[in-house]
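Peer 1: Hey, dropping my_file09.txt in here, compact mmCIF, C-alpha atoms and all ligand atoms:
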```
# COMPACT_ATOMS: atom_id res chain seq x y z
CA MET A 1155 0.00 0.00 0.00
CA GLN A 1156 1.30 3.46 -0.97
CA ILE A 1157 0.34 5.16 2.30
CA LEU A 1158 1.02 8.77 1.30
CA ASP A 1159 -0.71 8.35 -2.07
CA PHE A 1160 -3.73 6.80 -0.37
CA MET A 1161 -3.89 9.54 2.26
CA THR A 1162 -3.47 12.33 -0.27
CA LYS A 1163 -6.18 10.91 -2.52
CA GLU A 1164 -8.64 10.45 0.35
CA GLY A 1165 -7.80 13.78 2.04
CA HIS A 1166 -6.23 12.50 5.26
CA GLU A 1167 -4.30 14.99 7.37
CA GLN A 1168 -2.17 12.77 9.61
CA LEU A 1169 -1.31 9.23 10.65
CA LEU A 1170 0.28 8.34 13.97
CA VAL A 1171 1.97 4.95 14.26
CA CYS A 1172 2.35 3.79 17.88
CA THR A 1173 4.42 0.90 19.24
CA ASP A 1174 5.31 -0.09 22.79
CA PRO A 1175 6.77 -3.63 22.85
CA ALA A 1176 6.84 -3.70 26.66
CA VAL A 1177 3.02 -3.76 26.76
CA GLY A 1178 2.33 -5.24 23.31
CA LEU A 1179 0.97 -2.01 21.82
CA LYS A 1180 0.75 -1.78 18.05
CA ALA A 1181 -1.66 0.95 17.01
CA PHE A 1182 -2.56 3.45 14.32
CA ILE A 1183 -4.31 6.75 14.89
CA ALA A 1184 -5.67 8.27 11.69
CA ILE A 1185 -6.80 11.88 11.51
CA HIS A 1186 -8.79 12.52 8.38
CA ASP A 1187 -10.14 16.07 8.54
CA THR A 1188 -10.34 18.73 11.25
CA THR A 1189 -12.26 21.40 9.33
CA LEU A 1190 -15.28 21.24 11.62
CA GLY A 1191 -13.42 20.64 14.89
CA PRO A 1192 -11.07 18.18 16.60
CA ALA A 1193 -11.08 14.73 15.05
CA CYS A 1194 -13.19 12.36 17.10
CA GLY A 1195 -13.68 8.63 16.65
CA GLY A 1196 -13.63 5.26 18.29
CA CYS A 1197 -10.76 3.00 19.14
CA ARG A 1198 -11.18 -0.37 17.48
CA ILE A 1199 -9.33 -3.38 18.91
CA TRP A 1200 -9.07 -6.15 16.38
CA PRO A 1201 -6.44 -8.76 15.43
CA HIS A 1202 -6.12 -7.86 11.75
CA PRO A 1203 -4.11 -10.53 9.90
CA THR A 1204 -1.80 -7.97 8.27
CA GLU A 1205 -0.65 -4.42 8.98
CA GLU A 1206 -1.92 -3.38 5.57
CA ALA A 1207 -5.44 -4.61 6.37
CA ALA A 1208 -5.34 -2.73 9.68
CA LEU A 1209 -4.06 0.44 8.06
CA GLU A 1210 -6.65 0.41 5.32
CA ASP A 1211 -9.35 -0.18 7.92
CA VAL A 1212 -8.32 2.72 10.15
CA LEU A 1213 -7.86 5.14 7.24
CA ARG A 1214 -11.25 4.31 5.75
CA LEU A 1215 -12.94 4.48 9.15
CA SER A 1216 -11.42 7.88 9.94
CA ARG A 1217 -12.72 9.31 6.68
CA ALA A 1218 -16.19 7.97 7.41
CA MET A 1219 -16.06 9.77 10.78
CA THR A 1220 -15.54 13.12 9.01
CA TYR A 1221 -18.63 12.53 6.90
CA LYS A 1222 -20.60 11.12 9.82
CA SER A 1223 -20.04 14.12 12.08
CA ALA A 1224 -20.59 16.56 9.23
CA LEU A 1225 -23.96 15.08 8.32
CA ALA A 1226 -25.00 14.72 11.97
CA GLY A 1227 -24.45 18.48 12.34
CA LEU A 1228 -21.62 18.11 14.88
CA ASP A 1229 -18.65 20.43 15.25
CA LEU A 1230 -16.19 17.56 15.13
CA GLY A 1231 -13.73 16.30 12.57
CA GLY A 1232 -13.03 12.70 11.62
CA GLY A 1233 -10.49 10.34 13.13
CA LYS A 1234 -10.15 6.76 14.24
CA ALA A 1235 -7.75 4.62 16.25
CA LEU A 1236 -6.95 0.97 15.83
CA ILE A 1237 -5.09 -1.26 18.27
CA ILE A 1238 -3.99 -4.48 16.59
CA ALA A 1239 -4.81 -7.03 19.30
CA ASP A 1240 -7.36 -9.65 20.27
CA PRO A 1241 -9.89 -7.90 22.53
CA ARG A 1242 -10.79 -11.18 24.25
CA VAL A 1243 -7.24 -11.88 25.50
CA ASP A 1244 -4.82 -8.99 24.97
CA LYS A 1245 -6.38 -6.07 26.86
CA THR A 1246 -4.46 -4.75 29.89
CA GLU A 1247 -4.33 -1.51 31.84
CA ALA A 1248 -0.72 -1.00 30.73
CA LEU A 1249 -1.73 -1.33 27.07
CA PHE A 1250 -4.45 1.31 27.40
CA ARG A 1251 -2.23 3.67 29.40
CA SER A 1252 0.46 3.47 26.76
CA PHE A 1253 -2.15 4.09 24.07
CA GLY A 1254 -3.42 7.07 26.13
CA ARG A 1255 0.08 8.57 26.20
CA SER A 1256 0.21 8.35 22.40
CA ILE A 1257 -3.13 10.16 22.11
CA ASP A 1258 -1.89 12.84 24.47
CA THR A 1259 0.99 13.68 22.13
CA LEU A 1260 -1.61 14.96 19.66
CA GLY A 1261 -2.59 17.72 22.10
CA GLY A 1262 -6.35 17.43 21.59
CA LYS A 1263 -6.33 17.16 17.80
CA PHE A 1264 -7.84 13.67 18.29
CA ILE A 1265 -10.46 12.70 20.87
CA VAL A 1266 -10.91 8.97 21.35
CA ALA A 1267 -14.04 6.97 22.22
CA GLU A 1268 -14.77 3.24 22.26
CA ASP A 1269 -15.46 1.08 19.23
CA VAL A 1270 -15.45 -2.63 18.41
CA GLY A 1271 -13.49 -4.54 21.02
CA ALA A 1272 -13.29 -1.65 23.50
CA THR A 1273 -15.50 -0.73 26.47
CA PRO A 1274 -16.10 2.42 28.55
CA GLU A 1275 -14.03 0.74 31.30
CA ASP A 1276 -11.07 0.48 28.92
CA MET A 1277 -11.41 4.22 28.30
CA VAL A 1278 -10.99 4.83 32.04
CA HIS A 1279 -7.43 3.48 31.75
CA VAL A 1280 -6.81 5.67 28.68
CA ALA A 1281 -8.10 8.69 30.65
CA LYS A 1282 -5.40 8.16 33.28
CA GLU A 1283 -2.91 9.42 30.67
CA THR A 1284 -4.87 11.95 28.60
CA ASP A 1285 -7.89 14.26 28.86
CA HIS A 1286 -8.81 13.67 25.25
CA VAL A 1287 -11.23 10.79 25.84
CA VAL A 1288 -15.03 10.54 25.66
CA GLY A 1289 -17.37 7.63 26.23
CA LEU A 1290 -16.24 7.19 29.82
CA PRO A 1291 -18.68 5.39 32.15
CA LEU A 1292 -21.48 7.54 33.60
CA GLU A 1293 -20.00 7.23 37.11
CA HIS A 1294 -16.80 8.80 35.74
CA GLY A 1295 -18.77 11.77 34.40
CA GLY A 1296 -18.83 10.44 30.85
CA SER A 1297 -21.58 9.60 28.37
CA GLY A 1298 -21.29 5.86 29.01
CA GLU A 1299 -21.88 3.14 26.47
CA THR A 1300 -22.02 4.82 23.02
CA SER A 1301 -23.87 1.86 21.54
CA ILE A 1302 -27.06 2.71 23.44
CA MET A 1303 -27.68 5.75 21.23
CA THR A 1304 -26.25 3.95 18.20
CA GLY A 1305 -28.90 1.24 18.68
CA LEU A 1306 -31.64 3.87 18.98
CA GLY A 1307 -30.41 5.70 15.88
CA VAL A 1308 -30.26 2.52 13.79
CA TYR A 1309 -33.79 1.63 14.89
CA LEU A 1310 -35.13 5.07 13.87
CA GLY A 1311 -33.17 4.93 10.61
CA MET A 1312 -34.77 1.57 9.86
CA LYS A 1313 -38.19 3.11 10.39
CA ALA A 1314 -37.33 5.99 8.04
CA CYS A 1315 -36.35 3.40 5.40
CA ALA A 1316 -39.60 1.52 5.97
CA GLN A 1317 -41.53 4.76 5.49
CA GLU A 1318 -39.73 5.43 2.19
CA LYS A 1319 -40.14 1.87 0.89
CA TRP A 1320 -43.60 0.97 2.14
CA GLY A 1321 -45.24 4.34 2.92
CA ASN A 1322 -45.56 3.27 6.56
CA ASP A 1323 -42.82 3.14 9.15
CA SER A 1324 -44.16 0.27 11.22
CA LEU A 1325 -41.83 -2.71 11.62
CA ASN A 1326 -44.58 -4.89 13.06
CA GLY A 1327 -44.46 -8.35 11.47
CA LYS A 1328 -41.32 -7.52 9.45
CA THR A 1329 -38.46 -10.02 9.39
CA ILE A 1330 -35.08 -8.49 10.12
CA ALA A 1331 -31.82 -10.38 9.59
CA ILE A 1332 -29.12 -9.14 11.95
CA GLN A 1333 -25.45 -9.86 11.32
CA GLY A 1334 -23.39 -9.53 14.52
CA TYR A 1335 -24.97 -9.53 17.95
CA GLY A 1336 -22.64 -7.24 19.89
CA HIS A 1337 -23.14 -3.89 21.61
CA VAL A 1338 -25.04 -2.15 18.82
CA ALA A 1339 -27.30 -5.07 17.93
CA GLU A 1340 -28.09 -5.75 21.58
CA ASN A 1341 -29.24 -2.15 21.94
CA LEU A 1342 -31.22 -2.29 18.69
CA ALA A 1343 -32.95 -5.65 19.07
CA PRO A 1344 -35.23 -4.76 22.04
CA TYR A 1345 -36.83 -1.89 20.03
CA LEU A 1346 -37.50 -4.27 17.14
CA ILE A 1347 -38.94 -6.99 19.36
CA ALA A 1348 -41.12 -4.43 21.18
CA GLU A 1349 -42.51 -3.33 17.82
CA GLY A 1350 -43.38 -6.89 16.81
CA ALA A 1351 -40.57 -7.63 14.34
CA ASN A 1352 -39.20 -11.15 13.82
CA LEU A 1353 -35.45 -11.38 14.23
CA VAL A 1354 -33.01 -13.76 12.55
CA VAL A 1355 -29.56 -13.32 14.08
CA THR A 1356 -26.06 -14.56 13.46
CA ASP A 1357 -22.75 -14.12 15.26
CA ILE A 1358 -19.44 -15.94 15.35
CA PHE A 1359 -19.66 -16.50 19.11
CA PRO A 1360 -22.10 -19.00 20.68
CA ASP A 1361 -22.66 -16.83 23.79
CA ALA A 1362 -23.88 -13.98 21.57
CA LEU A 1363 -26.28 -16.35 19.81
CA GLN A 1364 -27.60 -17.54 23.16
CA ARG A 1365 -28.34 -13.96 24.19
CA ALA A 1366 -30.23 -13.40 20.92
CA GLU A 1367 -32.24 -16.59 21.38
CA ALA A 1368 -33.13 -15.53 24.92
CA LEU A 1369 -34.77 -12.44 23.39
CA GLY A 1370 -36.80 -14.60 21.00
CA ALA A 1371 -34.63 -14.45 17.88
CA ARG A 1372 -34.04 -17.36 15.51
CA THR A 1373 -30.33 -17.89 14.90
CA VAL A 1374 -28.42 -19.05 11.82
CA ALA A 1375 -24.79 -19.83 10.94
CA PRO A 1376 -22.68 -16.77 10.03
CA ASP A 1377 -22.53 -17.38 6.31
CA ASP A 1378 -26.25 -18.21 6.02
CA ILE A 1379 -27.37 -14.71 7.04
CA TYR A 1380 -26.97 -13.45 3.45
CA ASP A 1381 -29.55 -15.96 2.18
CA VAL A 1382 -32.29 -15.18 4.70
CA ASP A 1383 -35.56 -14.16 3.06
CA CYS A 1384 -36.30 -10.98 4.99
CA ASP A 1385 -37.63 -7.41 4.90
CA MET A 1386 -34.37 -5.88 6.09
CA PHE A 1387 -30.77 -6.98 6.30
CA SER A 1388 -28.98 -5.26 9.18
CA PRO A 1389 -25.16 -5.52 9.21
CA ASN A 1390 -23.90 -4.88 12.73
CA ALA A 1391 -20.50 -6.59 12.70
CA LEU A 1392 -17.54 -5.56 10.59
CA GLY A 1393 -17.21 -3.73 7.27
CA GLY A 1394 -17.07 -4.81 3.62
CA VAL A 1395 -19.96 -7.26 3.96
CA ILE A 1396 -21.90 -5.75 1.06
CA ASN A 1397 -19.79 -6.79 -1.90
CA PRO A 1398 -20.03 -8.45 -5.33
CA HIS A 1399 -20.12 -11.91 -3.69
CA THR A 1400 -22.88 -11.17 -1.17
CA ILE A 1401 -25.17 -8.80 -3.13
CA PRO A 1402 -26.50 -11.52 -5.51
CA ARG A 1403 -27.42 -13.61 -2.45
CA LEU A 1404 -29.36 -10.91 -0.58
CA ARG A 1405 -33.12 -11.41 -0.46
CA CYS A 1406 -34.20 -8.14 1.13
CA PRO A 1407 -35.65 -4.82 -0.10
CA ILE A 1408 -33.75 -2.77 2.53
CA ILE A 1409 -30.26 -2.77 4.08
CA ALA A 1410 -30.09 -0.79 7.32
CA GLY A 1411 -27.53 -1.52 10.00
CA GLY A 1412 -24.99 -0.03 12.34
CA ALA A 1413 -21.71 -1.45 10.99
CA ASN A 1414 -19.18 1.01 9.60
CA ASN A 1415 -17.97 0.78 5.99
CA GLN A 1416 -20.55 -1.80 4.93
CA LEU A 1417 -19.88 -1.43 1.19
CA SER A 1418 -16.69 -2.92 -0.23
CA SER A 1419 -16.64 -0.12 -2.86
CA PRO A 1420 -18.89 2.72 -4.08
CA GLU A 1421 -19.81 0.49 -7.03
CA ASP A 1422 -21.77 -1.73 -4.62
CA ALA A 1423 -24.22 1.14 -3.96
CA LYS A 1424 -24.97 1.26 -7.69
CA THR A 1425 -25.49 -2.50 -7.85
CA LEU A 1426 -27.87 -2.33 -4.90
CA ALA A 1427 -29.82 0.51 -6.52
CA ARG A 1428 -30.08 -1.48 -9.76
CA ARG A 1429 -31.46 -4.42 -7.79
CA GLY A 1430 -34.02 -2.11 -6.12
CA ILE A 1431 -32.48 -2.57 -2.67
CA LEU A 1432 -32.71 0.57 -0.57
CA TYR A 1433 -29.45 1.13 1.30
CA ALA A 1434 -29.31 3.34 4.40
CA PRO A 1435 -25.79 4.85 4.24
CA ASP A 1436 -23.89 3.43 7.20
CA TYR A 1437 -22.39 6.60 8.56
CA VAL A 1438 -25.77 8.34 8.56
CA ILE A 1439 -27.76 5.63 10.32
CA ASN A 1440 -25.05 4.76 12.87
CA ALA A 1441 -24.30 8.32 14.02
CA GLY A 1442 -25.97 7.86 17.43
CA GLY A 1443 -22.69 6.90 19.10
CA ILE A 1444 -20.75 9.96 17.96
CA ILE A 1445 -23.76 12.18 18.69
CA ASN A 1446 -23.79 10.78 22.22
CA ALA A 1447 -20.06 11.31 22.65
CA SER A 1448 -20.30 14.86 21.28
CA CYS A 1449 -22.62 15.69 24.17
CA GLU A 1450 -19.63 15.13 26.44
CA VAL A 1451 -17.05 17.21 24.54
CA GLY A 1452 -16.32 20.42 26.43
CA MET A 1453 -19.43 20.12 28.62
CA ALA A 1454 -21.10 17.98 31.26
CA TYR A 1455 -22.82 15.05 29.55
CA ASP A 1456 -26.45 15.77 28.73
CA GLU A 1457 -28.40 12.57 28.01
CA ALA A 1458 -31.64 14.32 27.04
CA LEU A 1459 -29.77 16.38 24.43
CA ALA A 1460 -28.02 13.25 23.13
CA ARG A 1461 -31.36 11.47 22.74
CA GLN A 1462 -32.99 14.44 21.04
CA LYS A 1463 -30.12 14.79 18.57
CA THR A 1464 -30.06 11.03 17.91
CA GLU A 1465 -33.77 11.11 17.10
CA GLY A 1466 -32.83 13.50 14.28
CA ILE A 1467 -31.36 10.51 12.43
CA TYR A 1468 -34.88 9.64 11.23
CA ASN A 1469 -35.13 12.98 9.39
CA THR A 1470 -31.55 12.87 8.13
CA ILE A 1471 -32.10 9.43 6.60
CA GLN A 1472 -35.32 10.68 5.01
CA ARG A 1473 -33.45 13.67 3.56
CA VAL A 1474 -30.78 11.42 2.08
CA LEU A 1475 -33.28 8.95 0.60
CA ARG A 1476 -35.39 11.79 -0.88
CA MET A 1477 -32.35 13.44 -2.47
CA ALA A 1478 -31.22 10.12 -3.96
CA ALA A 1479 -34.67 9.52 -5.44
CA ASP A 1480 -35.08 13.09 -6.74
CA ASP A 1481 -31.60 13.35 -8.26
CA ASP A 1482 -31.42 9.73 -9.46
CA ILE A 1483 -28.20 9.04 -7.59
CA THR A 1484 -27.36 6.35 -5.04
CA THR A 1485 -28.17 6.92 -1.39
CA ALA A 1486 -24.43 6.72 -0.65
CA GLN A 1487 -23.74 9.51 -3.16
CA ALA A 1488 -26.54 11.63 -1.70
CA ALA A 1489 -25.10 11.31 1.81
CA ASP A 1490 -21.59 12.20 0.61
CA LEU A 1491 -22.84 15.26 -1.28
CA LEU A 1492 -24.75 16.55 1.76
CA ALA A 1493 -21.72 16.03 4.04
CA GLU A 1494 -19.33 17.62 1.52
CA ALA A 1495 -21.62 20.64 1.17
CA ARG A 1496 -21.32 21.26 4.92
CA LEU A 1497 -17.53 20.86 4.82
CA GLN A 1498 -17.24 23.22 1.84
CA LYS A 1499 -19.29 25.85 3.62
CA ALA A 1500 -17.07 25.64 6.70
CA ARG A 1501 -13.92 25.95 4.56
CA GLN A 1502 -15.07 29.16 2.86
CA PRO A 1503 -13.32 32.25 4.23
P1 LIG B 1 -19.09 -5.49 19.07
O1 LIG B 1 -17.72 -5.99 18.99
O2 LIG B 1 -19.73 -5.31 20.39
O3 LIG B 1 -20.06 -6.42 18.21
C1 LIG B 1 -19.73 -6.93 16.96
C2 LIG B 1 -20.27 -8.36 16.92
O4 LIG B 1 -20.11 -8.86 15.61
C3 LIG B 1 -19.55 -9.30 17.87
O5 LIG B 1 -20.48 -9.99 18.67
C4 LIG B 1 -18.79 -10.23 16.93
O6 LIG B 1 -18.66 -11.53 17.44
C5 LIG B 1 -19.68 -10.21 15.72
N1 LIG B 1 -19.02 -10.60 14.47
C6 LIG B 1 -17.76 -10.31 14.05
N2 LIG B 1 -17.54 -10.84 12.85
C7 LIG B 1 -18.68 -11.47 12.49
C8 LIG B 1 -19.08 -12.21 11.35
N3 LIG B 1 -18.25 -12.43 10.33
N4 LIG B 1 -20.34 -12.72 11.31
C9 LIG B 1 -21.18 -12.52 12.34
N5 LIG B 1 -20.86 -11.83 13.45
C10 LIG B 1 -19.63 -11.30 13.52
O7 LIG B 1 -19.12 -4.11 18.24
P2 LIG B 1 -20.27 -3.01 18.21
O8 LIG B 1 -19.88 -1.91 19.11
O9 LIG B 1 -21.60 -3.66 18.35
O10 LIG B 1 -20.11 -2.44 16.72
C11 LIG B 1 -20.63 -3.17 15.63
C12 LIG B 1 -20.43 -2.36 14.34
O11 LIG B 1 -21.06 -1.09 14.48
C13 LIG B 1 -18.97 -2.05 14.01
O12 LIG B 1 -18.81 -2.00 12.60
C14 LIG B 1 -18.77 -0.65 14.58
O13 LIG B 1 -17.71 0.04 13.95
C15 LIG B 1 -20.10 -0.05 14.27
N6 LIG B 1 -20.45 1.08 15.10
C16 LIG B 1 -20.49 0.97 16.44
C17 LIG B 1 -20.85 2.04 17.23
C18 LIG B 1 -20.97 1.95 18.72
O14 LIG B 1 -21.54 2.85 19.33
N7 LIG B 1 -20.48 0.88 19.34
C19 LIG B 1 -21.16 3.27 16.62
C20 LIG B 1 -21.12 3.36 15.23
C21 LIG B 1 -20.77 2.26 14.48
```
Let me see the file written as structure tokens.
Ligand code: NAD
Peer 2:
Amino acid sequence: MQILDFMTKEGHEQLLVCTDPAVGLKAFIAIHDTTLGPACGGCRIWPHPTEEAALEDVLRLSRAMTYKSALAGLDLGGGKALIIADPRVDKTEALFRSFGRSIDTLGGKFIVAEDVGATPEDMVHVAKETDHVVGLPLEHGGSGETSIMTGLGVYLGMKACAQEKWGNDSLNGKTIAIQGYGHVAENLAPYLIAEGANLVVTDIFPDALQRAEALGARTVAPDDIYDVDCDMFSPNALGGVINPHTIPRLRCPIIAGGANNQLSSPEDAKTLARRGILYAPDYVINAGGIINASCEVGMAYDEALARQKTEGIYNTIQRVLRMAADDDITTAQAADLLAEARLQKARQP
């Protein structure tokens, strides 16, 4: 991978490479764009098989954060951190403290929150070394689990999609196939069950499947989720799951889920549109977490404000879907154009 070429092409500002062999730290911190404010994004902990895969992941994720915050109306830029490690076995206080010291060297240009593999408790260790952390537990004065608002936002985004597709936003009786039953999905599923939806869930871990079954979901093997005949497919695991191999298998009129970077390339959005599948752009529908964290930046956390702003995701999704339909472009293109318009406005002298 030609790192500088990639970063120049995608508009990244900075990349910090962090190592600390004494504690096993290998991490990247990518800062994409700080036009609207300090870069803010989660810290993902994942054992990527190669450095190149990890680097591409963190660079793509940081760019999505710029667009996500821009479209959510936040005064934050886009960034992301990635610790290459197995979150089930490698996490230690020393690792997070070392990571915190790396973040501190950026002097507030990057504010970290939790993401896949990390918890608010992990952020407490990071906060021992730097002030530039959000998503701390409520008892530490933070906004707590970001996935609570992410789950709410995904639910409301699903309803906005239903309204666009069926002229009615009820999910009662609809079958929803959920890929990944982690923090986001566990905060989404209760809304869907309460509304009378039928859930089909998959995960790679048996304990996650057991939790889904306890809520009344039917479970399937990970690879079978793409073949489920359903009303909505909801990716809530990792990225790249909507790709030329999976799209022909999908049997759903709507894709609406919380995972970041769901499309393997922009071409996938065109293929989905050709197949008549309505796609809720990932960074629009999953903005609840960053909205929640933003209500902790520079102020005491305000949960009511976080909820109110997260509820705005319904209208934002509607705006994106309307623009795509009116201008005959993909929903992904519509979201990008709206986000870029806000960035352009902020850049004007
Ligand atoms: P998580 O780690 O709690 O949950 C992810 C789940 O997906 C895990 O249970 C994991 O076992 C499962 N999984 C991984 N690979 C899988 C596969 N191939 N098939 C099926 N299941 C698989 O993470 P999370 O916080 O729930 O985040 C999920 C997604 O949502 C990620 O893409 C994340 O970047 C995105 N997201 C999260 C938040 C948030 O607030 N946590 C906000 C915005 C976006």
Peer 1: Determine the nearest neighbour of Met1161 of chain A from the options A:Ile1396, A:Val1451, A:Ala1493, A:Leu1209, counting only C-alpha atoms.
Peer 2: A:Leu1209
Peer 1: Considering only C-alpha atoms, return as number ranges by chain whatever protein or nucleic-acid residues lie within 9 Å of Ser1324 of chain A, sequence-local ones (same chain, fewer than 3 positions apart) excluded.
Peer 2: A: 1313, 1316-1317, 1327-1328, 1349
Peer 1: Compute the set of protein, DNA and RNA residues whose minimum atom distance to ligand LIG 1 (chain B) is at most 7 Å, using all atoms listed in the file, and state it as a PyMOL selection string.
Peer 2: chain A and resi 1268-1271+1300-1302+1304+1333-1339+1356-1359+1362+1376+1390-1393+1412-1414+1440-1444
Peer 1: Expressed in Å to a single decimal, how great is the separation between atom CA of Ala1226 of chain A and atom CA of Ser1388 of chain A?
Peer 2: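 Separation of atom CA of Ala1226 of chain A and atom CA of Ser1388 of chain A: 20.6 Å.
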Peer 1: Write out as a list in words the residues lying within 12 Å of Thr1400 of chain A, counting only C-alpha atoms and excluding same-chain residues fewer than 4 positions away.
Peer 2: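 Answer for this query is Asp1377, Asp1378, Ile1379, Tyr1380, Asp1381, Val1382, Phe1387, Gly1394, Val1395, Ile1396, Leu1404, Arg1405, Cys1406, Gln1416, Leu1417, Ser1418, Asp1422, Thr1425 and Leu1426 of chain A.
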Peer 1: Find the distance between atom CA of Val1171 of chain A and atom CA of Ile1237 of chain A and write it in Å to one decimal.
Peer 2: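 These atoms are spaced 10.2 Å apart.
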Peer 1: Could you please determine the separation between atom CA of Ile1265 of chain A and atom CA of Thr1173 of chain A in Å, to one decimal place?
Peer 2: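 Computed distance, atom CA of Ile1265 of chain A to atom CA of Thr1173 of chain A, equals 19.1 Å.
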Peer 1: Got a sec to check which residues sit within 12 Å of (0.6, 0.8, 26.0), counting only C-alpha atoms, and write them as a PyMOL selection string?
Peer 2: chain A and resi 1172-1181+1237-1239+1244-1257+1279-1280+1282-1283
Peer 1: From the options A:Ala1224, A:Ile1483, A:Val1212, A:Met1155, which residue's atoms come nearest to Ala1500 of chain A, counting all atoms listed in the file?
Peer 2: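 So, comparing all the options, the nearest one is A:Ala1224.
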Peer 1: Box along x, y and z, 8 Å on every side, all listed atoms of segment 1309-1328 of chain A inside: centre and edge lengths in Å to one decimal, as AutoDock Vina command-line options.
Peer 2:
```
--center_x -39.4 --center_y -1.2 --center_z 7.9 --size_x 28.4 --size_y 30.3 --size_z 30.0
```
Peer 1: So that I can check the surroundings of segment 1470-1474 of chain A, please list as number ranges by chain every protein, DNA and RNA residue that reaches within 12 Å of it, counting all atoms listed in the file and ignoring chain neighbours fewer than 3 positions away.
Peer 2: A: 1222, 1224-1227, 1307-1319, 1321, 1323, 1410, 1432-1442, 1463-1467, 1477-1493
Peer 1: Between A:Thr1188, A:Glu1457, A:Leu1497, A:Gly1370, which residue has the minimum interatomic distance to Pro1344 of chain A, considering only C-alpha atoms?
Peer 2: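 Selected residue with least distance to Pro1344 of chain A: A:Gly1370.
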Peer 1: Pick from A:Ala1343, A:Lys1234, A:Leu1190, A:Ala1218: nearest to Gln1168 of chain A, with all atoms listed in the file counted?
Peer 2: A:Lys1234
Peer 1: Residues within 8 Å of Asp1456 of chain A, please, as a ChimeraX atom specification. Count only C-alpha atoms; anything in the same chain fewer than 5 positions from it doesn't count.
Peer 2: /A:1297,1449-1450
Peer 1: Considering all atoms listed in the file, can you say which of A:Cys1194, A:Val1288, A:Cys1384, A:Val1243 comes closest to Gly1231 of chain A?
Peer 2: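 Going through A:Cys1194, A:Val1288, A:Cys1384, A:Val1243 one by one, the smallest distance to Gly1231 of chain A is for A:Cys1194.
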Peer 1: Considering all atoms listed in the file, state which residue in the set A:Leu1158, A:Leu1228, A:Ala1235, A:Ser1223 is at the smallest distance from Ile1183 of chain A.
Peer 2: A:Ala1235
Peer 1: Pick out the residues sitting within 8 Å of Thr1373 of chain A, and hand them over as a VMD selection string; count all atoms listed in the file, and ignore anything fewer than 2 positions along from it in its own chain.
Peer 2: chain A and resid 1354 to 1356 1363 1366 to 1367 1371 1375
